[in-house]
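Structure file data08.cif (mmCIF, C-alpha atoms and all ligand atoms) is printed below.
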```cif
data_coords
#
loop_
_atom_site.label_atom_id
_atom_site.label_comp_id
_atom_site.auth_asym_id
_atom_site.auth_seq_id
_atom_site.Cartn_x
_atom_site.Cartn_y
_atom_site.Cartn_z
CA MET A 1 149.14 135.29 44.82
CA MET A 2 146.31 132.75 44.68
CA GLN A 3 144.46 132.77 41.42
CA ARG A 4 141.00 131.54 40.50
CA ASN A 5 141.25 128.18 38.85
CA GLU A 6 138.46 128.58 36.41
CA VAL A 7 137.39 131.55 34.32
CA PRO A 8 134.36 130.66 32.18
CA GLY A 9 135.01 130.47 28.47
CA THR A 10 138.74 129.77 28.85
CA LEU A 11 140.75 127.04 27.15
CA TYR A 12 143.20 125.66 29.72
CA VAL A 13 146.21 123.81 28.33
CA VAL A 14 147.00 121.40 31.16
CA ALA A 15 150.28 119.49 31.56
CA THR A 16 149.85 116.00 33.02
CA PRO A 17 152.37 113.46 34.41
CA ILE A 18 154.92 111.73 32.13
CA GLY A 19 154.80 108.51 34.15
CA ASN A 20 154.33 109.18 37.84
CA LEU A 21 150.72 110.18 38.52
CA ASP A 22 151.77 111.96 41.71
CA ASP A 23 153.43 114.58 39.51
CA ILE A 24 150.03 116.11 38.74
CA GLY A 25 150.18 119.72 39.92
CA ALA A 26 147.66 121.24 42.33
CA ARG A 27 146.47 123.78 39.74
CA ALA A 28 146.26 121.09 37.07
CA ALA A 29 144.07 118.93 39.33
CA ALA A 30 141.87 121.89 40.28
CA THR A 31 141.50 122.91 36.64
CA LEU A 32 140.52 119.39 35.58
CA ALA A 33 137.99 119.35 38.42
CA SER A 34 136.36 122.63 37.46
CA ALA A 35 136.46 122.46 33.64
CA SER A 36 133.16 121.79 31.88
CA VAL A 37 134.84 119.18 29.68
CA VAL A 38 138.27 117.60 29.21
CA ALA A 39 139.55 117.37 25.63
CA ALA A 40 141.93 114.40 25.64
CA GLU A 41 144.24 112.79 23.09
CA ASP A 42 143.09 109.33 24.24
CA THR A 43 140.04 109.43 26.50
CA ARG A 44 140.68 105.94 27.94
CA HIS A 45 144.23 106.90 28.89
CA THR A 46 143.11 110.18 30.49
CA ARG A 47 140.32 108.34 32.33
CA LYS A 48 143.04 106.66 34.44
CA LEU A 49 144.29 110.09 35.54
CA LEU A 50 140.74 111.33 36.20
CA ASP A 51 140.01 108.17 38.22
CA HIS A 52 143.24 108.75 40.18
CA LEU A 53 141.86 112.22 41.00
CA ALA A 54 138.37 110.78 41.63
CA LEU A 55 136.87 112.99 38.91
CA GLY A 56 133.94 111.72 36.85
CA LYS A 57 134.32 114.22 34.02
CA GLU A 58 132.94 114.50 30.52
CA THR A 59 135.75 113.83 28.06
CA VAL A 60 135.95 114.36 24.30
CA SER A 61 138.68 112.92 22.14
CA LEU A 62 140.98 115.30 20.31
CA HIS A 63 143.84 113.66 18.43
CA GLU A 64 145.83 114.32 15.29
CA HIS A 65 143.25 112.62 13.04
CA ASN A 66 140.13 114.46 14.29
CA GLU A 67 141.51 117.76 15.60
CA ASN A 68 140.71 119.78 12.45
CA ARG A 69 137.14 118.48 12.47
CA ARG A 70 136.52 118.78 16.24
CA ALA A 71 138.20 122.10 16.98
CA PRO A 72 135.40 124.39 15.65
CA ALA A 73 132.74 122.72 17.85
CA LEU A 74 135.00 123.04 20.91
CA VAL A 75 135.61 126.72 20.17
CA ALA A 76 131.82 127.20 19.88
CA ARG A 77 131.45 125.70 23.38
CA LEU A 78 134.15 128.04 24.68
CA LEU A 79 132.40 131.03 23.12
CA GLY A 80 129.21 129.80 24.81
CA GLY A 81 130.93 130.22 28.20
CA GLU A 82 132.12 126.68 28.98
CA SER A 83 135.71 126.14 30.04
CA ILE A 84 137.73 123.34 28.49
CA ALA A 85 140.84 121.56 29.81
CA LEU A 86 143.07 120.32 26.99
CA VAL A 87 145.34 117.39 27.90
CA SER A 88 147.48 114.91 25.99
CA ASP A 89 148.45 111.38 27.00
CA ALA A 90 151.52 112.59 28.86
CA GLY A 91 153.32 115.82 29.60
CA THR A 92 152.63 119.15 27.98
CA PRO A 93 150.06 119.28 25.14
CA LEU A 94 151.39 120.58 21.76
CA VAL A 95 154.94 119.38 22.56
CA SER A 96 155.13 116.52 20.02
CA ASP A 97 151.43 116.14 20.81
CA PRO A 98 148.05 117.36 19.44
CA GLY A 99 146.42 120.65 20.42
CA TYR A 100 148.05 123.25 18.19
CA ARG A 101 145.07 123.65 15.86
CA LEU A 102 142.59 124.02 18.74
CA VAL A 103 144.79 126.58 20.52
CA ALA A 104 145.32 128.56 17.30
CA LEU A 105 141.61 128.52 16.44
CA ALA A 106 140.58 129.52 19.97
CA ARG A 107 143.01 132.45 19.97
CA GLU A 108 141.81 133.55 16.53
CA ALA A 109 138.26 133.55 17.91
CA GLY A 110 139.31 135.74 20.83
CA VAL A 111 138.97 132.95 23.39
CA PRO A 112 141.37 133.26 26.37
CA VAL A 113 143.93 130.43 26.34
CA SER A 114 145.78 129.82 29.60
CA PRO A 115 148.63 127.37 30.29
CA ILE A 116 148.70 125.21 33.41
CA PRO A 117 152.39 124.25 33.24
CA GLY A 118 153.86 121.02 34.56
CA PRO A 119 155.70 117.90 33.41
CA CYS A 120 157.46 117.82 30.06
CA ALA A 121 159.89 115.03 29.17
CA LEU A 122 162.41 117.27 27.38
CA VAL A 123 162.64 119.70 30.31
CA ALA A 124 162.90 116.85 32.83
CA ALA A 125 165.74 115.31 30.78
CA LEU A 126 167.62 118.59 30.40
CA SER A 127 167.27 119.34 34.10
CA ALA A 128 169.02 116.15 35.20
CA CYS A 129 171.31 114.85 32.43
CA GLY A 130 174.34 117.08 33.03
CA ILE A 131 174.53 118.52 29.50
CA SER A 132 174.12 122.29 29.26
CA ALA A 133 170.52 123.50 29.04
CA ALA A 134 171.58 127.13 28.57
CA ARG A 135 170.80 127.07 24.83
CA PHE A 136 169.09 124.10 23.22
CA VAL A 137 167.19 123.00 20.12
CA PHE A 138 164.26 120.62 20.48
CA GLU A 139 163.89 118.45 17.37
CA GLY A 140 161.08 116.14 18.53
CA PHE A 141 161.07 112.75 16.76
CA LEU A 142 163.59 112.08 14.00
CA PRO A 143 162.26 110.61 10.73
CA ALA A 144 161.70 106.83 10.96
CA ALA A 145 163.39 105.98 7.63
CA ALA A 146 167.17 105.60 7.92
CA GLY A 147 168.02 107.82 4.94
CA ALA A 148 165.77 110.67 6.05
CA ARG A 149 167.04 110.34 9.63
CA ARG A 150 170.68 110.64 8.55
CA GLY A 151 169.75 113.62 6.40
CA ALA A 152 168.04 115.32 9.34
CA LEU A 153 171.06 114.63 11.58
CA SER A 154 173.51 115.91 8.95
CA ALA A 155 171.64 119.21 8.84
CA LEU A 156 172.29 119.52 12.60
CA ALA A 157 175.95 118.45 12.65
CA ALA A 158 177.34 121.98 13.06
CA GLU A 159 174.68 123.15 15.54
CA THR A 160 176.46 124.48 18.64
CA ARG A 161 173.38 124.46 20.89
CA THR A 162 172.46 121.33 22.82
CA LEU A 163 170.21 119.02 20.76
CA VAL A 164 167.17 117.28 22.23
CA PHE A 165 165.30 114.41 20.55
CA TYR A 166 162.39 112.14 21.45
CA GLU A 167 162.89 108.51 20.49
CA SER A 168 160.98 105.23 20.65
CA PRO A 169 162.39 101.92 21.94
CA HIS A 170 162.21 100.42 18.41
CA ARG A 171 164.54 103.00 16.92
CA ILE A 172 166.76 104.11 19.80
CA ALA A 173 169.73 101.87 18.86
CA ALA A 174 169.65 102.81 15.16
CA ALA A 175 169.18 106.51 15.92
CA VAL A 176 172.12 106.65 18.37
CA ALA A 177 174.30 104.67 15.93
CA ASP A 178 173.50 107.25 13.22
CA MET A 179 174.26 110.10 15.64
CA ALA A 180 177.68 108.56 16.37
CA VAL A 181 178.43 108.46 12.64
CA VAL A 182 177.11 111.92 11.78
CA PHE A 183 178.13 113.87 14.93
CA GLY A 184 181.26 111.84 15.69
CA ALA A 185 181.83 109.02 18.20
CA GLU A 186 183.42 111.43 20.70
CA ARG A 187 180.41 113.77 21.00
CA ARG A 188 178.80 113.52 24.46
CA ALA A 189 175.14 112.56 24.85
CA ALA A 190 172.68 111.35 27.49
CA LEU A 191 170.02 108.66 27.16
CA CYS A 192 167.19 109.64 29.51
CA ARG A 193 164.84 106.69 29.81
CA GLU A 194 161.51 106.17 31.58
CA LEU A 195 161.78 109.44 33.50
CA THR A 196 159.75 109.56 36.73
CA LYS A 197 158.92 105.83 36.37
CA ARG A 198 160.11 102.75 38.23
CA HIS A 199 162.90 101.99 35.72
CA GLU A 200 164.10 105.57 35.25
CA SER A 201 167.71 105.78 34.10
CA ILE A 202 169.94 108.55 32.81
CA HIS A 203 173.12 107.34 31.16
CA ALA A 204 175.60 109.83 29.72
CA ASP A 205 178.73 109.03 27.71
CA ALA A 206 180.38 109.59 24.33
CA LEU A 207 178.05 108.60 21.45
CA GLY A 208 180.40 105.81 20.34
CA GLU A 209 180.27 104.28 23.85
CA LEU A 210 176.49 104.66 24.01
CA VAL A 211 176.06 102.54 20.85
CA GLY A 212 177.83 99.62 22.53
CA TRP A 213 176.03 100.23 25.83
CA LEU A 214 172.60 100.05 24.16
CA ASN A 215 173.50 96.94 22.19
CA GLY A 216 174.88 95.25 25.30
CA ASP A 217 171.50 94.69 26.99
CA ALA A 218 167.96 94.65 25.53
CA ASN A 219 166.58 96.12 28.78
CA ARG A 220 168.52 99.31 28.09
CA ARG A 221 166.51 99.81 24.90
CA ARG A 222 163.10 99.45 26.59
CA GLY A 223 160.72 102.31 27.36
CA GLU A 224 160.52 105.95 26.37
CA PHE A 225 163.60 108.02 25.64
CA VAL A 226 164.78 111.57 25.51
CA VAL A 227 168.19 111.82 23.85
CA VAL A 228 170.22 114.91 24.74
CA VAL A 229 173.33 115.55 22.62
CA ALA A 230 175.98 118.19 23.38
CA GLY A 231 176.25 120.86 20.68
CA ALA A 232 179.16 120.97 18.24
CA GLU A 233 182.19 122.96 19.32
CA ALA A 234 182.15 126.42 17.76
CA VAL A 235 184.31 126.33 14.63
CA ASP A 236 187.75 127.84 15.03
CA ALA A 237 187.11 130.24 12.16
CA GLY A 238 184.53 131.92 14.42
CA CYS A 239 187.31 133.26 16.65
CA ARG A 240 188.74 136.59 15.52
CA PRO A 241 192.52 137.12 15.92
CA GLU A 242 191.95 140.08 18.25
CA TRP A 243 189.94 137.84 20.61
CA ILE A 244 192.79 135.34 20.75
CA GLU A 245 195.19 138.20 21.41
CA ALA A 246 192.93 139.49 24.21
CA VAL A 247 192.94 136.05 25.84
CA ARG A 248 196.75 135.96 25.65
CA GLU A 249 197.10 139.44 27.15
CA LEU A 250 194.62 138.77 29.95
CA GLY A 251 196.21 135.36 30.45
CA ALA A 252 199.39 137.11 31.59
CA SER A 253 197.62 138.38 34.73
CA MET A 254 195.11 135.60 35.44
CA PRO A 255 194.75 131.84 34.78
CA PRO A 256 194.47 131.42 30.96
CA LYS A 257 191.24 129.40 31.24
CA GLN A 258 189.62 132.20 33.22
CA ALA A 259 190.78 134.70 30.58
CA ALA A 260 189.24 132.53 27.85
CA ARG A 261 185.96 132.34 29.78
CA LEU A 262 185.83 136.13 30.16
CA ILE A 263 186.44 136.76 26.45
CA ALA A 264 183.95 134.00 25.55
CA LYS A 265 181.32 135.79 27.61
CA VAL A 266 181.69 139.08 25.75
CA THR A 267 182.17 137.62 22.26
CA GLY A 268 179.88 134.58 22.35
CA ALA A 269 182.76 132.38 21.08
CA SER A 270 183.58 129.00 22.67
CA SER A 271 185.85 129.42 25.70
CA GLN A 272 187.49 126.05 24.93
CA VAL A 273 188.33 127.12 21.37
CA LEU A 274 189.59 130.54 22.54
CA TYR A 275 191.74 128.87 25.19
CA ARG A 276 193.18 126.34 22.76
CA GLN A 277 193.94 128.90 20.06
CA ALA A 278 195.54 131.34 22.55
CA ARG A 279 197.64 128.49 23.94
CA ASP A 280 198.70 127.35 20.44
CA ALA A 281 199.48 130.95 19.41
CA GLY A 282 201.77 131.32 22.42
CA ALA A 283 203.65 128.05 21.78
N1 LIG B 1 153.97 115.98 25.38
C1 LIG B 1 155.00 115.13 25.91
C2 LIG B 1 155.98 115.97 26.73
O1 LIG B 1 155.59 117.02 27.22
O2 LIG B 1 157.12 115.56 26.91
C3 LIG B 1 155.69 114.33 24.82
C4 LIG B 1 154.76 113.47 24.04
S1 LIG B 1 155.56 112.54 22.79
C5 LIG B 1 154.20 111.86 21.90
C6 LIG B 1 156.08 111.09 23.64
C7 LIG B 1 157.61 111.00 23.68
O3 LIG B 1 158.10 111.82 24.74
C8 LIG B 1 158.11 109.61 24.00
O4 LIG B 1 158.21 108.80 22.82
C9 LIG B 1 159.48 109.89 24.58
O5 LIG B 1 160.41 110.17 23.56
C10 LIG B 1 159.19 111.18 25.37
N2 LIG B 1 158.76 110.84 26.74
C11 LIG B 1 157.52 110.95 27.25
N3 LIG B 1 157.52 110.53 28.54
C12 LIG B 1 158.79 110.15 28.82
C13 LIG B 1 159.43 109.62 29.98
N4 LIG B 1 158.75 109.38 31.09
N5 LIG B 1 160.75 109.36 29.91
C14 LIG B 1 161.45 109.59 28.78
N6 LIG B 1 160.90 110.08 27.66
C15 LIG B 1 159.59 110.35 27.68
#
```

Do you think you could lay out the structure here as structure tokens?
Amino acid sequence: MMQRNEVPGTLYVVATPIGNLDDIGARAAATLASASVVAAEDTRHTRKLLDHLALGKETVSLHEHNENRRAPALVARLLGGESIALVSDAGTPLVSDPGYRLVALAREAGVPVSPIPGPCALVAALSACGISAARFVFEGFLPAAAGARRGALSALAAETRTLVFYESPHRIAAAVADMAVVFGAERRAALCRELTKRHESIHADALGELVGWLNGDANRRRGEFVVVVAGAEAVDAGCRPEWIEAVRELGASMPPKQAARLIAKVTGASSQVLYRQARDAGA
């Protein structure tokens, strides 16, 4: 169903491209065109997008250092009936980007807040890197200091869901080296670089191999990164003996791996661990 693009007095949270300007969605473009004002993280950066769309729009800056101060005036404009499009430099506002305080304040004031969804680097990376996106944890940027970074990684070492990080070119090699130490060199990960841009690359391998790969060529460390790391295998202690027994019994009438997958589905345990334990128990 077609929907009106602009309802007066609404705060629109508009996703913008993460590199390729042609990724701007039709609703995003229409919303930017009809909004009274565009609240942008960096007005000069957003001007390039508005020029690309041939829109001469009023912009106001809204970034992490002025958001607390600016948000009340923007909410007053919304309450006065103007509509505002909130954008960040790239991708979806609020995702490792400013906007949370404005959205929260607008909602508290009873202002309608409506998302115009579109590009987001973490979703783009998960969609194409070949590591399960069924259950994942988004951690944003790791701490810059080595000690704090290792501490943050250690707290995630047993996490069984897929892990997603944002990383800068200056720290990518050190961060992946720390991941190999803390998560283990065998753990699989994907380095998703410059997505949607000319030098886009997605390189997946064991963490230990990725350390060498990054250090082998400075060009591989350039640009913006999403790092996707496979979750830890569920610990063996999580498998109850009766589940292992069920896999063994079912395994008598179907391929053992299929039996393990079935029991994993109903118990939530890892099918690989169930399979291995059932196999070892039968040895
Ligand atoms: N709001 C954005 C989003 O929706 O993805 C993220 C903003 S955050 C300040 C910027 C970080 O996102 C970059 O340092 C990088 O880790 C990641 N990123 C943004 N664009 C990217 C791209 N084209 N390829 C890979 N990573 C990207």

Inset, instruction - With all atoms listed in the file counted, collect every polymer residue having an atom within 7 Å of ligand LIG 1 (chain B); state the result as a PyMOL selection string. - result: chain A and resi 18-19+88+90-97+119-122+166-168+192-197+224-226

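Here atom CA of Ala109 of chain A is placed at a distance of 23.5 Å from atom CA of Glu58 of chain A.
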
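Of the listed residues A:Ala177, A:Ile172, A:Val164, A:Val211, the one whose atoms come nearest to Val229 of chain A is A:Val164, with distances taken using only C-alpha atoms.
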
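If you look at atom CA of Asp23 of chain A and atom CA of Ala54 of chain A, they are 15.7 Å away from each other.
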
Inset, instruction - Record the distance separating atom CA of Asn68 of chain A and atom CA of Phe141 of chain A, expressed in Å with one decimal. - result: 22.0 Å

Inset, instruction - Give me the residues within 10 Å of segment 259-264 of chain A as JSON, numbers by chain, counting all atoms listed in the file and dropping any in the same chain fewer than 2 places off. - result: {"A": [239, 243, 244, 246, 247, 248, 249, 250, 251, 252, 253, 254, 255, 256, 257, 266, 267, 268, 269, 270, 271, 272, 273, 274, 275, 276, 277, 278]}

Inset, instruction - Point out the residue among A:Pro112, A:Gly25, A:Pro143, A:Gly99 with the least atom-to-atom distance to Leu78 of chain A, counting all atoms listed in the file. - result: A:Pro112

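Each of A:Val227, A:Ala190, A:Ala180, A:Ala146 was checked against Gly208 of chain A using all atoms listed in the file; the smallest atom-to-atom distance is that of A:Ala180.
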
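Nearest to Ala30 of chain A of all the residues A:Pro8, A:Val14, A:His45, A:Asn66 is A:Val14, based on only C-alpha atoms.
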
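The closest residue to Thr59 of chain A, picked from A:Leu32, A:His203, A:Ala124, A:Ala157 and counting only C-alpha atoms, is A:Leu32.
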
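The nearest approach to Gly81 of chain A among the residues A:Ala35, A:Leu62, A:Leu105, A:Ala230, with only C-alpha atoms taken into account, belongs to A:Ala35.
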
Inset, instruction - With a distance cut-off of 10 Å and all atoms listed in the file, select the neighbouring residues of Val75 of chain A, excluding the residue or stretch itself and same-chain residues fewer than 6 positions from it, and output the selection as an NGL selection string. - result: :A and (9-11 or 81-84 or 102-103 or 105-111)

Legend entry - Shell around Lys57 of chain A at 10 Å using all atoms listed in the file, local window under 2 positions removed, as a PyMOL selection string: chain A and resi 32-38+47+50-51+54-55+59-60
